[in-house]
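Here's the structure we're looking at; comments come further down.
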Amino acid sequence: MRGEWNGLQALLLKECPYTYYIHCFAHQLQLALVAASKDVTEVHNFFKTLNFVVNVISSSSNRNDQLQDAQIHEISHLTGVEEIESGKGINQIQTFQRPGDTRWSSHFKSICILMRLFGPSCVVLNDIAIKGSTSSQRGDAAYALTHALSFDFVIVMHMMKEIMGIIDKLCQTLQQKSIDLLMLYHWFLQQKY
């Protein structure tokens, strides 16, 4: 919508050339987060690895099928040992979501999905590393598995899930039609870090 040549911004500027365009609060926050994440080496490396893992696993329908089979196996095992409950509408098979550059909420969803699919993902990466059809596929899968299992990756994944959970709630609040900034400020101060 913002497009300065063909979007809403261009149309408004034609009608009223003194109009200023201002991003919504949520979009401003997301743009700031994207820029800030690139300045913290550990966070930047984490998201590069996350993208790489998602790309290796999601690069073909065969690999998505492998991921679904691994999820089914894990769910049946966990319900068998009564680690998780079974029932209608729970333990659904999931697929990965690639994080987008400007939508920080997509990064949060990618982290949450990877945490839920961590075991099946490692199974698929290990299988590709051993049985991949080309040395490039085997090498990519081995590289992704090694980095996904590293302490640095796992600890940053857990920290980012907590931090981004708070940020996601904040972004959703900032997108509401009427925002009570004082109430939002007090809510933010009450969050446990």
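Chain labels follow the order of the structure tokens: the first chain is A, the next B, and so on; residue numbering restarts at 1 in every chain, and ligands are counted from 1 in their shown order.
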
>> List the spatial neighbours of region 139-154 of chain A as a ChimeraX atom specification - criterion: any atom at most 12 Å away, only C-alpha atoms, same-chain residues fewer than 3 positions off excluded.
In response: /A:41-59,63,111,114-115,117-136,157-161

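Of the residues under consideration (A:Ala10, A:Val81, A:Ile166, A:Cys112), A:Ile166 shows the shortest atom-to-atom contact distance to Gln190 (chain A) when counting only C-alpha atoms.
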
> So how far away is CA of His73 (chain A) from CA of Gln137 (chain A), in Å?
Replying inline: 23.8 Å

> Which of these, A:Leu78, A:Ser105, A:Gln9, A:Asp69, has the shortest distance to Gln172 (chain A) once you count only C-alpha atoms?
Replying inline: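 For Gln172 (chain A), the nearest of the given residues is A:Ser105.
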
> What does the distance between CA of Phe96 (chain A) and CA of Ile113 (chain A) come to in Å, to one decimal place?
Replying inline: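 That distance, rounded to one decimal, is 6.4 Å.
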
> Which residue out of A:Glu83, A:Leu33, A:Trp187, A:Ser61 has the minimum interatomic distance to Thr173 (chain A) when only C-alpha atoms are used?
Replying inline: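 Closest to Thr173 (chain A) of all the choices is A:Trp187.
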
>> Considering only C-alpha atoms, can you say which of A:Leu67, A:Leu189, A:Met183, A:Ile167 comes closest to Gln30 (chain A)?
In response: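 With only C-alpha atoms as the atom set, the closest residue is A:Ile167.
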
> What is the CA of Gln176 (chain A)-CA of Pro17 (chain A) distance in Å, reported with one decimal?
Replying inline: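 Computing it gives 28.1 Å between the two atoms.
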
> Using the chain letters and numbers from this document, which residues of region 28-166 of chain A does DSSP assign to alpha helix (DSSP H), as a VMD selection string?
Replying inline: chain A and resid 28 to 39 41 to 58 61 to 80 104 to 116 118 to 131 135 to 148 151 to 166

>> I'd like to know which of A:Gln175, A:Thr79, A:Asn64, A:Gln191 is closest to Leu29 (chain A), using only C-alpha atoms.
In response: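 Using only C-alpha atoms, Leu29 (chain A) sits closest to A:Gln175.
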